[in-house]
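A.B. asks: Sharing target-v4.csv here; it has CSV, C-alpha atoms.
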chain,number,residue,atom,x,y,z
A,1,MET,CA,0.0,0.0,0.0
A,2,ASN,CA,1.3,3.4,-0.9
A,3,GLU,CA,1.0,5.6,2.2
A,4,ASP,CA,1.6,8.7,0.1
A,5,ASP,CA,-1.5,8.1,-1.9
A,6,ALA,CA,-4.3,10.4,-0.8
A,7,PHE,CA,-7.0,7.8,-1.3
A,8,GLU,CA,-5.1,5.0,0.6
A,9,ARG,CA,-4.5,7.6,3.4
A,10,LEU,CA,-8.2,8.2,3.5
A,11,LYS,CA,-9.0,4.5,3.8
A,12,SER,CA,-6.4,4.0,6.5
A,13,LEU,CA,-7.7,6.8,8.7
A,14,PRO,CA,-9.4,5.6,11.9
A,15,PRO,CA,-13.2,6.1,11.6
A,16,ARG,CA,-14.3,9.3,13.4
A,17,GLY,CA,-17.2,11.8,13.5
A,18,HIS,CA,-20.3,11.1,11.5
A,19,HIS,CA,-18.6,8.5,9.4
A,20,ALA,CA,-17.9,6.4,12.5
A,21,PHE,CA,-21.3,7.1,13.9
A,22,LEU,CA,-23.0,5.7,10.8
A,23,GLY,CA,-20.4,2.9,10.4
A,24,ILE,CA,-19.4,4.0,6.9
A,25,TYR,CA,-16.6,1.9,5.3
A,26,THR,CA,-14.9,1.7,1.9
A,27,VAL,CA,-15.9,-1.2,-0.3
A,28,ASP,CA,-13.9,-0.7,-3.5
A,29,LYS,CA,-12.4,2.1,-5.6
A,30,GLY,CA,-11.1,2.9,-9.1
A,31,PRO,CA,-9.2,5.7,-10.8
A,32,ASP,CA,-12.2,8.1,-10.6
A,33,TRP,CA,-14.7,6.3,-8.4
A,34,ALA,CA,-15.3,5.0,-4.9
A,35,GLU,CA,-17.9,2.7,-3.4
A,36,LEU,CA,-18.8,3.2,0.2
A,37,ALA,CA,-21.3,1.4,2.4
A,38,CYS,CA,-22.8,1.4,5.8
A,39,PRO,CA,-24.5,-1.4,7.7
A,40,PHE,CA,-28.2,-1.0,8.6
A,41,ALA,CA,-29.0,0.3,12.1
A,42,SER,CA,-32.4,0.4,13.8
A,43,GLY,CA,-31.8,4.1,14.3
A,44,PHE,CA,-32.0,4.6,10.5
A,45,LEU,CA,-35.8,4.0,10.6
A,46,MET,CA,-38.2,6.9,9.9
A,47,ASP,CA,-41.1,4.9,11.1
A,48,ALA,CA,-40.4,2.0,13.5
A,49,ASP,CA,-43.8,0.3,12.8
A,50,ALA,CA,-43.8,0.5,9.0
A,51,GLY,CA,-40.0,-0.3,8.8
A,52,LEU,CA,-39.5,2.7,6.6
A,53,VAL,CA,-35.9,3.7,6.2
A,54,SER,CA,-35.1,7.4,6.6
A,55,SER,CA,-33.4,9.1,3.6
A,56,GLY,CA,-31.0,10.9,6.0
A,57,PRO,CA,-28.5,8.1,6.2
A,58,ILE,CA,-28.7,7.8,2.4
A,59,ILE,CA,-27.8,11.5,1.9
A,60,SER,CA,-24.9,11.2,4.4
A,61,LEU,CA,-23.6,8.1,2.6
A,62,VAL,CA,-23.8,9.9,-0.8
A,63,ASP,CA,-22.0,12.9,0.7
A,64,ALA,CA,-19.2,10.6,1.9
A,65,ALA,CA,-19.0,8.6,-1.3
A,66,THR,CA,-19.0,11.6,-3.7
A,67,GLY,CA,-16.2,13.2,-1.6
A,68,ALA,CA,-14.2,10.0,-1.7
A,69,ALA,CA,-14.6,9.9,-5.5
A,70,VAL,CA,-13.1,13.3,-5.8
A,71,ILE,CA,-10.0,12.1,-3.8
A,72,ALA,CA,-9.9,8.9,-5.9
A,73,ARG,CA,-9.7,11.0,-9.1
A,74,THR,CA,-7.5,13.9,-8.0
A,75,ARG,CA,-5.3,11.7,-5.7
A,76,GLN,CA,-4.7,14.9,-3.8
A,77,TRP,CA,-5.5,15.7,-0.2
A,78,ARG,CA,-7.2,19.1,-0.7
A,79,ALA,CA,-9.6,20.9,1.6
A,80,MET,CA,-13.0,21.0,0.0
A,81,ALA,CA,-16.6,21.8,0.9
A,82,THR,CA,-19.8,20.3,-0.6
A,83,LEU,CA,-21.4,23.1,-2.7
A,84,ASP,CA,-24.6,21.4,-3.6
A,85,LEU,CA,-26.2,18.0,-3.7
A,86,HIS,CA,-29.3,16.8,-5.5
A,87,ILE,CA,-30.8,13.4,-4.8
A,88,ASN,CA,-33.7,11.4,-6.5
A,89,TYR,CA,-35.3,8.7,-4.4
A,90,LEU,CA,-36.2,5.9,-6.8
A,91,ARG,CA,-37.7,3.5,-4.3
A,92,PRO,CA,-37.8,3.0,-0.5
A,93,ALA,CA,-34.7,1.3,1.0
A,94,THR,CA,-35.4,-2.1,2.6
A,95,ALA,CA,-35.0,-2.2,6.4
A,96,GLY,CA,-32.2,-4.5,7.5
A,97,ARG,CA,-30.0,-4.2,4.4
A,98,ALA,CA,-26.6,-2.4,4.2
A,99,LEU,CA,-26.6,0.8,2.0
A,100,HIS,CA,-24.1,1.0,-0.8
A,101,ALA,CA,-23.2,4.2,-2.7
A,102,ARG,CA,-21.0,4.1,-5.8
A,103,ALA,CA,-19.8,7.6,-6.8
A,104,ARG,CA,-17.9,8.8,-9.8
A,105,CYS,CA,-16.0,12.1,-10.1
A,106,HIS,CA,-16.5,12.9,-13.8
A,107,HIS,CA,-15.0,16.3,-14.1
A,108,VAL,CA,-12.5,18.5,-12.1
A,109,THR,CA,-11.6,22.1,-12.7
A,110,ARG,CA,-9.1,24.2,-10.8
A,111,LYS,CA,-11.7,25.0,-8.1
A,112,VAL,CA,-14.6,22.7,-8.6
A,113,ALA,CA,-15.2,18.9,-8.8
A,114,PHE,CA,-18.4,17.3,-10.2
A,115,THR,CA,-19.7,13.9,-9.2
A,116,CYS,CA,-22.6,11.5,-9.6
A,117,CYS,CA,-23.7,8.6,-7.4
A,118,ASP,CA,-25.9,5.5,-7.5
A,119,VAL,CA,-27.2,4.0,-4.3
A,120,HIS,CA,-28.5,0.5,-3.7
A,121,ASP,CA,-29.3,-1.8,-0.8
A,122,GLY,CA,-27.8,-5.1,-2.1
A,123,ASP,CA,-28.6,-5.3,-5.8
A,124,PRO,CA,-26.9,-2.7,-8.0
A,125,GLU,CA,-29.5,-3.5,-10.7
A,126,SER,CA,-32.2,-2.2,-8.4
A,127,PRO,CA,-31.0,1.3,-7.3
A,128,ILE,CA,-32.8,3.1,-4.4
A,129,ALA,CA,-31.5,6.6,-5.3
A,130,THR,CA,-29.3,8.5,-7.7
A,131,ALA,CA,-27.5,11.8,-6.9
A,132,THR,CA,-25.2,14.5,-8.2
A,133,ALA,CA,-23.0,16.7,-6.1
A,134,SER,CA,-20.4,19.3,-6.7
A,135,PHE,CA,-17.5,20.3,-4.4
A,136,PHE,CA,-15.5,23.5,-4.1
A,137,PHE,CA,-11.7,23.3,-3.2
A,138,THR,CA,-11.3,25.7,-0.4
A,139,ASP,CA,-7.5,25.8,-0.5
A,140,GLU,CA,-5.4,28.1,-2.7
A,141,SER,CA,-4.3,26.3,-5.8
B,142,MET,CA,-44.0,14.5,15.8
B,143,ILE,CA,-40.9,14.0,13.7
B,144,VAL,CA,-38.7,14.0,16.8
B,145,ARG,CA,-40.3,10.7,17.8
B,146,THR,CA,-38.9,8.9,14.8
B,147,PRO,CA,-35.8,6.7,15.5
B,148,TYR,CA,-33.6,8.6,13.0
B,149,ALA,CA,-34.3,12.1,14.4
B,150,GLN,CA,-33.6,10.6,17.9
B,151,MET,CA,-30.3,9.2,16.6
B,152,LEU,CA,-29.3,12.7,15.6
B,153,GLY,CA,-30.6,14.2,18.9
B,154,ILE,CA,-33.0,16.4,17.1
B,155,ARG,CA,-35.6,18.3,19.2
B,156,SER,CA,-38.7,20.2,18.2
B,157,ILE,CA,-39.3,23.9,19.2
B,158,THR,CA,-42.5,25.8,18.9
B,159,THR,CA,-41.9,29.3,17.5
B,160,ASP,CA,-43.6,32.5,18.7
B,161,ASN,CA,-46.1,32.4,15.8
B,162,GLY,CA,-47.1,28.8,16.6
B,163,GLY,CA,-44.9,27.2,13.9
B,164,THR,CA,-42.4,24.4,14.5
B,165,MET,CA,-38.7,24.5,14.0
B,166,LEU,CA,-36.2,21.7,14.6
B,167,MET,CA,-33.0,22.0,16.7
B,168,MET,CA,-30.0,19.7,16.3
B,169,PRO,CA,-27.5,20.0,19.2
B,170,ALA,CA,-23.9,19.9,18.3
B,171,ALA,CA,-22.2,16.6,19.1
B,172,PRO,CA,-18.9,14.9,18.3
B,173,GLU,CA,-20.7,12.2,16.2
B,174,LEU,CA,-22.1,14.9,13.9
B,175,GLU,CA,-18.6,16.1,12.9
B,176,GLY,CA,-17.3,15.9,9.4
B,177,ARG,CA,-14.0,17.5,8.6
B,178,SER,CA,-12.3,18.8,11.8
B,179,ASP,CA,-14.4,21.4,13.7
B,180,PHE,CA,-17.2,21.4,11.2
B,181,LEU,CA,-20.6,19.7,11.1
B,182,TYR,CA,-21.0,16.9,8.6
B,183,GLY,CA,-22.9,18.1,5.5
B,184,GLY,CA,-25.0,14.9,5.5
B,185,ALA,CA,-26.2,15.7,9.0
B,186,ILE,CA,-27.2,19.3,8.0
B,187,ALA,CA,-29.0,17.8,4.9
B,188,SER,CA,-30.8,15.3,7.2
B,189,LEU,CA,-32.0,18.2,9.5
B,190,LEU,CA,-33.3,20.1,6.4
B,191,GLU,CA,-35.2,17.1,5.1
B,192,LEU,CA,-36.7,16.3,8.6
B,193,ALA,CA,-37.8,19.9,8.8
B,194,CYS,CA,-39.7,19.5,5.5
B,195,LEU,CA,-41.3,16.2,6.6
B,196,GLU,CA,-42.3,17.9,9.9
B,197,ALA,CA,-43.9,20.7,8.1
B,198,VAL,CA,-45.9,18.3,5.9
B,199,ALA,CA,-46.9,16.2,9.0
B,200,GLN,CA,-48.1,19.3,10.8
B,201,ASP,CA,-50.1,20.4,7.8
B,202,ARG,CA,-51.7,17.1,7.1
B,203,GLY,CA,-51.4,15.1,10.3
B,204,GLU,CA,-51.1,11.7,8.5
B,205,PRO,CA,-48.4,9.2,7.8
B,206,TRP,CA,-45.2,10.4,6.1
B,207,PRO,CA,-45.4,11.3,2.4
B,208,LYS,CA,-42.8,9.7,0.2
B,209,PRO,CA,-39.7,11.8,-0.6
B,210,ILE,CA,-39.3,12.2,-4.4
B,211,ASN,CA,-36.2,14.3,-4.5
B,212,MET,CA,-34.4,17.0,-2.7
B,213,ALA,CA,-31.8,19.6,-3.6
B,214,PHE,CA,-29.4,21.1,-1.1
B,215,ASP,CA,-27.2,24.2,-1.3
B,216,PHE,CA,-24.5,24.5,1.3
B,217,LEU,CA,-23.8,28.2,1.9
B,218,ARG,CA,-21.4,28.2,4.9
B,219,GLY,CA,-19.4,25.6,6.9
B,220,GLY,CA,-21.5,24.4,9.8
B,221,LEU,CA,-19.8,25.2,13.1
B,222,MET,CA,-19.8,22.7,16.0
B,223,ILE,CA,-22.7,24.5,17.7
B,224,ASP,CA,-26.5,24.0,17.7
B,225,SER,CA,-28.3,24.2,14.4
B,226,TYR,CA,-31.9,25.1,13.6
B,227,ALA,CA,-34.1,24.4,10.6
B,228,GLN,CA,-37.5,25.5,9.6
B,229,ALA,CA,-39.5,24.5,6.5
B,230,ARG,CA,-42.3,26.1,4.5
B,231,LEU,CA,-44.8,24.4,2.3
B,232,VAL,CA,-44.5,26.3,-1.0
B,233,ARG,CA,-47.4,24.4,-2.7
B,234,VAL,CA,-49.6,21.6,-1.5
B,235,GLY,CA,-51.2,19.9,-4.4
B,236,ARG,CA,-53.5,16.9,-4.5
B,237,ARG,CA,-50.6,14.5,-5.0
B,238,VAL,CA,-47.3,16.5,-4.8
B,239,VAL,CA,-46.1,18.8,-2.1
B,240,ASN,CA,-43.3,21.3,-2.8
B,241,ALA,CA,-41.4,22.4,0.4
B,242,ASP,CA,-38.3,24.4,1.1
B,243,ALA,CA,-36.3,24.7,4.3
B,244,VAL,CA,-33.5,26.8,5.7
B,245,CYS,CA,-30.8,25.9,8.3
B,246,TRP,CA,-29.0,28.4,10.4
B,247,GLN,CA,-27.0,28.6,13.6
B,248,THR,CA,-26.5,31.9,15.4
B,249,ASP,CA,-28.2,34.2,12.9
B,250,ARG,CA,-31.3,33.2,10.9
B,251,GLU,CA,-30.4,35.9,8.4
B,252,LYS,CA,-27.1,34.0,7.7
B,253,PRO,CA,-28.3,30.5,6.7
B,254,ILE,CA,-25.6,27.7,6.5
B,255,ALA,CA,-27.7,25.6,4.1
B,256,MET,CA,-31.0,25.6,2.2
B,257,GLY,CA,-33.1,22.8,0.7
B,258,ARG,CA,-36.0,22.3,-1.7
B,259,MET,CA,-38.0,19.1,-1.7
B,260,HIS,CA,-40.8,17.3,-3.6
B,261,LEU,CA,-42.9,14.8,-1.7
B,262,LEU,CA,-45.5,12.4,-3.0
B,263,LEU,CA,-48.9,12.1,-1.1
B,264,ASP,CA,-50.6,8.8,-1.3
As a first step, turn the structure in this file into structure tokens.

C.D. replies:
Amino acid sequence: MNEDDAFERLKSLPPRGHHAFLGIYTVDKGPDWAELACPFASGFLMDADAGLVSSGPIISLVDAATGAAVIARTRQWRAMATLDLHINYLRPATAGRALHARARCHHVTRKVAFTCCDVHDGDPESPIATATASFFFTDES
Amino acid sequence: MIVRTPYAQMLGIRSITTDNGGTMLMMPAAPELEGRSDFLYGGAIASLLELACLEAVAQDRGEPWPKPINMAFDFLRGGLMIDSYAQARLVRVGRRVVNADAVCWQTDREKPIAMGRMHLLLD
């Protein structure tokens, strides 16, 4: 493992903050994409009786996966902030199943990175949500 | 209402009645809501905005949750590790679709840290 590589460094960091709280972990990655997941928790429910999963954990996972995709593509450890995020909910997530988000960073300019993301709960052929997000590099470069 | 849901409880979100009888949500700062060092995680802010929209619809209609169709978030400022507030407004309530927007702020309501627009499907 190359410790100098920004993405490997990201993966090897001990979980903290909201990532640790939701149990977010890295599943796989490529030159411009990253797949992150988090196991189901009973706290994810919107309605305990109906077993309806809240969309909040899905948004948080998308935020994490799209940010990781930017690092996967740029291979740089740059300070950045989420500018905007748009999510379409295709169908309800199934209670009890881990959430997976596979994000791709498809374009990077000097100051902005553009990403898209598909979310599923076990079957990539049956997505639960799609999203786009853009990030702004807050450092001077 | 919304604060009784497991996910709102997981984030520690509380409901506050405003002077004009409306409802706003408060999310207390906590280490488990942190993203990059010293800043709130964007996904947690987004979740607060979405719950505010759902709360506004629930208050208006008093029936089970409508289905989220989509939501767009704009992040305007980094969220500090202090308490956050969100309040939503129903822009249009149709027969089948509700359009809502919400704003999230910390110390000054005139300086929001994030905004969201949401479509919800009524059954």

A.B. asks: Check which residues of chain A sit at most 7 Å from chain B using only C-alpha atoms, and return one row each with the closest pair of atoms and their distance in Å to one decimal, ordered by chain and rising number, as a tab-separated table.

C.D. replies:
residue	atom	partner	partner_atom	distance
A:Gly17	CA	B:Glu173	CA	4.4
A:His18	CA	B:Leu174	CA	4.8
A:Phe21	CA	B:Glu173	CA	5.6
A:Gly43	CA	B:Pro147	CA	4.9
A:Phe44	CA	B:Tyr148	CA	5.0
A:Leu45	CA	B:Pro147	CA	5.6
A:Met46	CA	B:Thr146	CA	5.3
A:Asp47	CA	B:Thr146	CA	5.9
A:Ala48	CA	B:Pro147	CA	6.9
A:Ser54	CA	B:Tyr148	CA	6.7
A:Gly56	CA	B:Ser188	CA	4.6
A:Ile59	CA	B:Gly184	CA	5.7
A:Ser60	CA	B:Gly184	CA	3.9
A:Asp63	CA	B:Gly184	CA	6.0
A:Thr82	CA	B:Phe216	CA	6.6
A:Leu83	CA	B:Phe216	CA	5.3
A:Asp84	CA	B:Asp215	CA	4.5
A:Leu85	CA	B:Phe214	CA	5.2
A:His86	CA	B:Ala213	CA	4.2
A:Ile87	CA	B:Asn211	CA	5.5
A:Asn88	CA	B:Asn211	CA	4.3
A:Tyr89	CA	B:Ile210	CA	5.3

A.B. asks: Just give me the residues with any atom within 8 Å of (-3.8, 14.4, -3.6), file coordinates, counting only C-alpha atoms, written as number ranges by chain.

C.D. replies: A: 5-7, 71, 74-78

A.B. asks: So that I can see what lies close to range 25-33 of chain A, please list as a compact mmCIF listing (two decimals) with C-alpha atoms, keeping the file's coordinate frame the residues with an atom at most 7 Å from it, counting all atoms listed in the file and leaving out residues fewer than 3 positions away in the same chain.

C.D. replies:
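File produced: out.txt:
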# COMPACT_ATOMS: atom_id res chain seq x y z
CA LYS A 11 -9.00 4.50 3.80
CA LEU A 36 -18.80 3.20 0.20
CA ALA A 37 -21.30 1.40 2.40
CA CYS A 38 -22.80 1.40 5.80
CA ALA A 69 -14.60 9.90 -5.50
CA ALA A 72 -9.90 8.90 -5.90
CA ARG A 73 -9.70 11.00 -9.10
CA ALA A 103 -19.80 7.60 -6.80
CA ARG A 104 -17.90 8.80 -9.80
CA CYS A 105 -16.00 12.10 -10.10

A.B. asks: Using all atoms listed in the file, which of the listed residues (B:Ala193, B:Ala170, B:Met142, B:Ser156) sits closest to Gln247 in chain B?

C.D. replies: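 Of B:Ala193, B:Ala170, B:Met142, B:Ser156, the one nearest Gln247 in chain B is B:Ala170, counting all atoms listed in the file.
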
A.B. asks: What separation in Å, quoted to one decimal, exists between CA of Phe137 in chain A and CA of His106 in chain A?

C.D. replies: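 Separation of CA of Phe137 in chain A and CA of His106 in chain A: 15.6 Å.
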
A.B. asks: For Arg91 in chain A, which of B:Leu262, B:Leu166, B:Ile154, B:Ala199 is the closest residue, counting only C-alpha atoms?

C.D. replies: B:Leu262

A.B. asks: Grab the CA of Glu35 in chain A to CA of Glu140 in chain A distance for me, in Å with one decimal place.

C.D. replies: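 Interatomic distance, CA of Glu35 in chain A to CA of Glu140 in chain A: 28.3 Å.
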
A.B. asks: One decimal, in Å: what's the spacing between CA of Val232 in chain B and CA of Gly203 in chain B?

C.D. replies: 17.3 Å

A.B. asks: Quick one: residues within 12 Å of Gly235 in chain B, all atoms listed in the file, excluding same-chain residues fewer than 5 positions away - as a PyMOL selection string?

C.D. replies: chain B and resi 198+202+240-241+260-264

A.B. asks: Put those residues in a file: C-alpha atoms, as an mmCIF file, keeping the file's coordinate frame.

C.D. replies:
data_model
loop_
_atom_site.group_PDB
_atom_site.id
_atom_site.type_symbol
_atom_site.label_atom_id
_atom_site.label_comp_id
_atom_site.auth_asym_id
_atom_site.auth_seq_id
_atom_site.Cartn_x
_atom_site.Cartn_y
_atom_site.Cartn_z
ATOM 1 C CA VAL B 198 -45.900 18.300 5.900
ATOM 2 C CA ARG B 202 -51.700 17.100 7.100
ATOM 3 C CA ASN B 240 -43.300 21.300 -2.800
ATOM 4 C CA ALA B 241 -41.400 22.400 0.400
ATOM 5 C CA HIS B 260 -40.800 17.300 -3.600
ATOM 6 C CA LEU B 261 -42.900 14.800 -1.700
ATOM 7 C CA LEU B 262 -45.500 12.400 -3.000
ATOM 8 C CA LEU B 263 -48.900 12.100 -1.100
ATOM 9 C CA ASP B 264 -50.600 8.800 -1.300
#

A.B. asks: Distance cut-off 7 Å, centre (-26.2, -1.7, 8.4) in file coordinates, counting all atoms listed in the file: which residues qualify? Return them as a list in words.

C.D. replies: Cys38, Pro39, Phe40, Ala41, Gly96, Arg97, Ala98 and Leu99 of chain A
